[in-house]
Amino acid sequence: MQSFAAIDFETANYCPSSVCSVGIVIVRNGGITEKLYRLIRPEPEWYSYWNTKIHGLTIEDTKDALIFPAVWAEIVPKIENLPLIAHNSPFDSSCLKAVFRVYQMDYPDYQFFCTCRASRKVFAKSLPNHQLHTVAAACGYDLQNHHHALADAEACAAIALKIL
């Protein structure tokens, strides 16, 4: 796969609609053409201790951020006609569908591919696990700042270019 958008969401709490940041890496013809990171005011607008512990974001970080529809309006033209790739795509696709529902937006039928599933096929039991940082390292990518949406999307793009 040579053209796609690698995407990663972080959430504020256990609600899949509570996206508080998004990272996107656009790949065209095998090369990265654009990177995008945006904070998003989550819905519902509260942060769980556990989610903040994972990604470090708090309500202070997103209190002045745009809501999802405004952020997505900027993203849509950049990802048009591209498949979306995520590591553990069921999580990211469920977040996207949930936030579309919350804002009563029409959900396009985005095509998602999963680098975690692909890793299980390609690497099988040769890896201790198929977590993003483990798979990224196996693909020669040094993931820094894990759980920052853009860093994770960059790692996902590197994995996809190696194994998809």
# chains A, B, ... in the order shown; residues from 1 in each chain; ligands from 1
$ residues_around --residues "Tyr141 (chain A)" --least-positions-apart "4" --cutoff "8 Å" --atoms "only C-alpha atoms" --output "list in words"
Ala136, Ala137, Ala155, Ala158 and Ile159 of chain A
$ write_last_selection --atoms "all heavy atoms" --output "mmCIF file, in the first residue's frame"
data_model
loop_
_atom_site.group_PDB
_atom_site.id
_atom_site.type_symbol
_atom_site.label_atom_id
_atom_site.label_comp_id
_atom_site.auth_asym_id
_atom_site.auth_seq_id
_atom_site.Cartn_x
_atom_site.Cartn_y
_atom_site.Cartn_z
ATOM 1 N N ALA A 136 6.713 -1.271 15.756
ATOM 2 C CA ALA A 136 7.503 -0.191 15.149
ATOM 3 C C ALA A 136 8.997 -0.531 15.208
ATOM 4 O O ALA A 136 9.707 -0.386 14.216
ATOM 5 C CB ALA A 136 7.222 1.131 15.867
ATOM 6 N N ALA A 137 9.457 -0.997 16.356
ATOM 7 C CA ALA A 137 10.874 -1.364 16.497
ATOM 8 C C ALA A 137 11.235 -2.496 15.538
ATOM 9 O O ALA A 137 12.303 -2.463 14.909
ATOM 10 C CB ALA A 137 11.168 -1.763 17.942
ATOM 11 N N ALA A 155 4.430 6.333 13.585
ATOM 12 C CA ALA A 155 4.876 4.952 13.739
ATOM 13 C C ALA A 155 3.992 4.013 12.916
ATOM 14 O O ALA A 155 4.492 3.108 12.242
ATOM 15 C CB ALA A 155 4.848 4.551 15.213
ATOM 16 N N ALA A 158 4.966 4.228 9.318
ATOM 17 C CA ALA A 158 6.221 3.500 9.062
ATOM 18 C C ALA A 158 5.980 1.993 8.997
ATOM 19 O O ALA A 158 6.533 1.308 8.131
ATOM 20 C CB ALA A 158 7.240 3.834 10.145
ATOM 21 N N ILE A 159 5.151 1.497 9.897
ATOM 22 C CA ILE A 159 4.817 0.067 9.893
ATOM 23 C C ILE A 159 4.089 -0.295 8.603
ATOM 24 O O ILE A 159 4.414 -1.281 7.944
ATOM 25 C CB ILE A 159 3.961 -0.285 11.130
ATOM 26 C CG1 ILE A 159 4.763 -0.131 12.397
ATOM 27 C CG2 ILE A 159 3.397 -1.703 11.007
ATOM 28 C CD1 ILE A 159 3.928 -0.140 13.681
#
$ residues_around --residues "region 85-101 of chain A" --least-positions-apart "2" --cutoff "6 Å" --atoms "only C-alpha atoms" --output "list in words"
Ala6, Ile7, Pro16, Ser17, Tyr103, Gln104, Met105, Phe112, Phe113, Cys114, Thr115 and Cys116 of chain A
$ atom_distance --atom1 "CA of Gly56 (chain A)" --atom2 "CA of Val76 (chain A)"
26.7 Å
$ select_by_dssp --residues "chain A" --states "alpha helix (DSSP H)" --output "ChimeraX atom specification"
/A:49-55,59-62,68-79,89-102,115-122,132-138,149-163
$ closest_residue --among "A:Thr33, A:Ala160, A:Tyr47, A:Thr58" --to "Val122 (chain A)" --atoms "only C-alpha atoms"
A:Ala160
$ closest_residue --among "A:Ala5, A:Phe123, A:Lys162, A:Glu154" --to "Gly140 (chain A)" --atoms "only C-alpha atoms"
A:Lys162
$ residues_around --residues "Val22 (chain A)" --least-positions-apart "4" --cutoff "7 Å" --atoms "only C-alpha atoms" --output "list in words"
Asp8, Phe9, Glu10, Tyr37, Arg38, Leu39, Ala149 and Leu150 of chain A
$ residues_around --residues "Gln144 (chain A)" --least-positions-apart "3" --cutoff "9 Å" --atoms "only C-alpha atoms" --output "list of chain:residue names"
A:His133, A:His148, A:Ala151, A:Asp152, A:Ala155
$ closest_residue --among "A:Pro77, A:Pro83, A:Gly31, A:Pro128" --to "Gln111 (chain A)" --atoms "only C-alpha atoms"
A:Pro83
$ closest_residue --among "A:His130, A:His146, A:Arg41, A:Arg28" --to "Leu161 (chain A)" --atoms "only C-alpha atoms"
A:Arg28
$ atom_distance --atom1 "CA of Leu57 (chain A)" --atom2 "CA of Lys35 (chain A)"
19.9 Å
$ select_by_dssp --residues "region 78-138 of chain A" --states "strand (DSSP E)" --output "list in words"
Leu84, Ile85, Ala86, Phe112, Phe113 and Cys114 of chain A
$ atom_distance --atom1 "CA of Ile26 (chain A)" --atom2 "CA of Glu43 (chain A)"
25.9 Å
$ closest_residue --among "A:Lys121, A:Trp72, A:Asp109, A:Val19" --to "Pro42 (chain A)" --atoms "only C-alpha atoms"
A:Val19
$ closest_residue --among "A:Tyr14, A:Leu84, A:Ile40, A:Trp46" --to "Pro69 (chain A)" --atoms "only C-alpha atoms"
A:Ile40
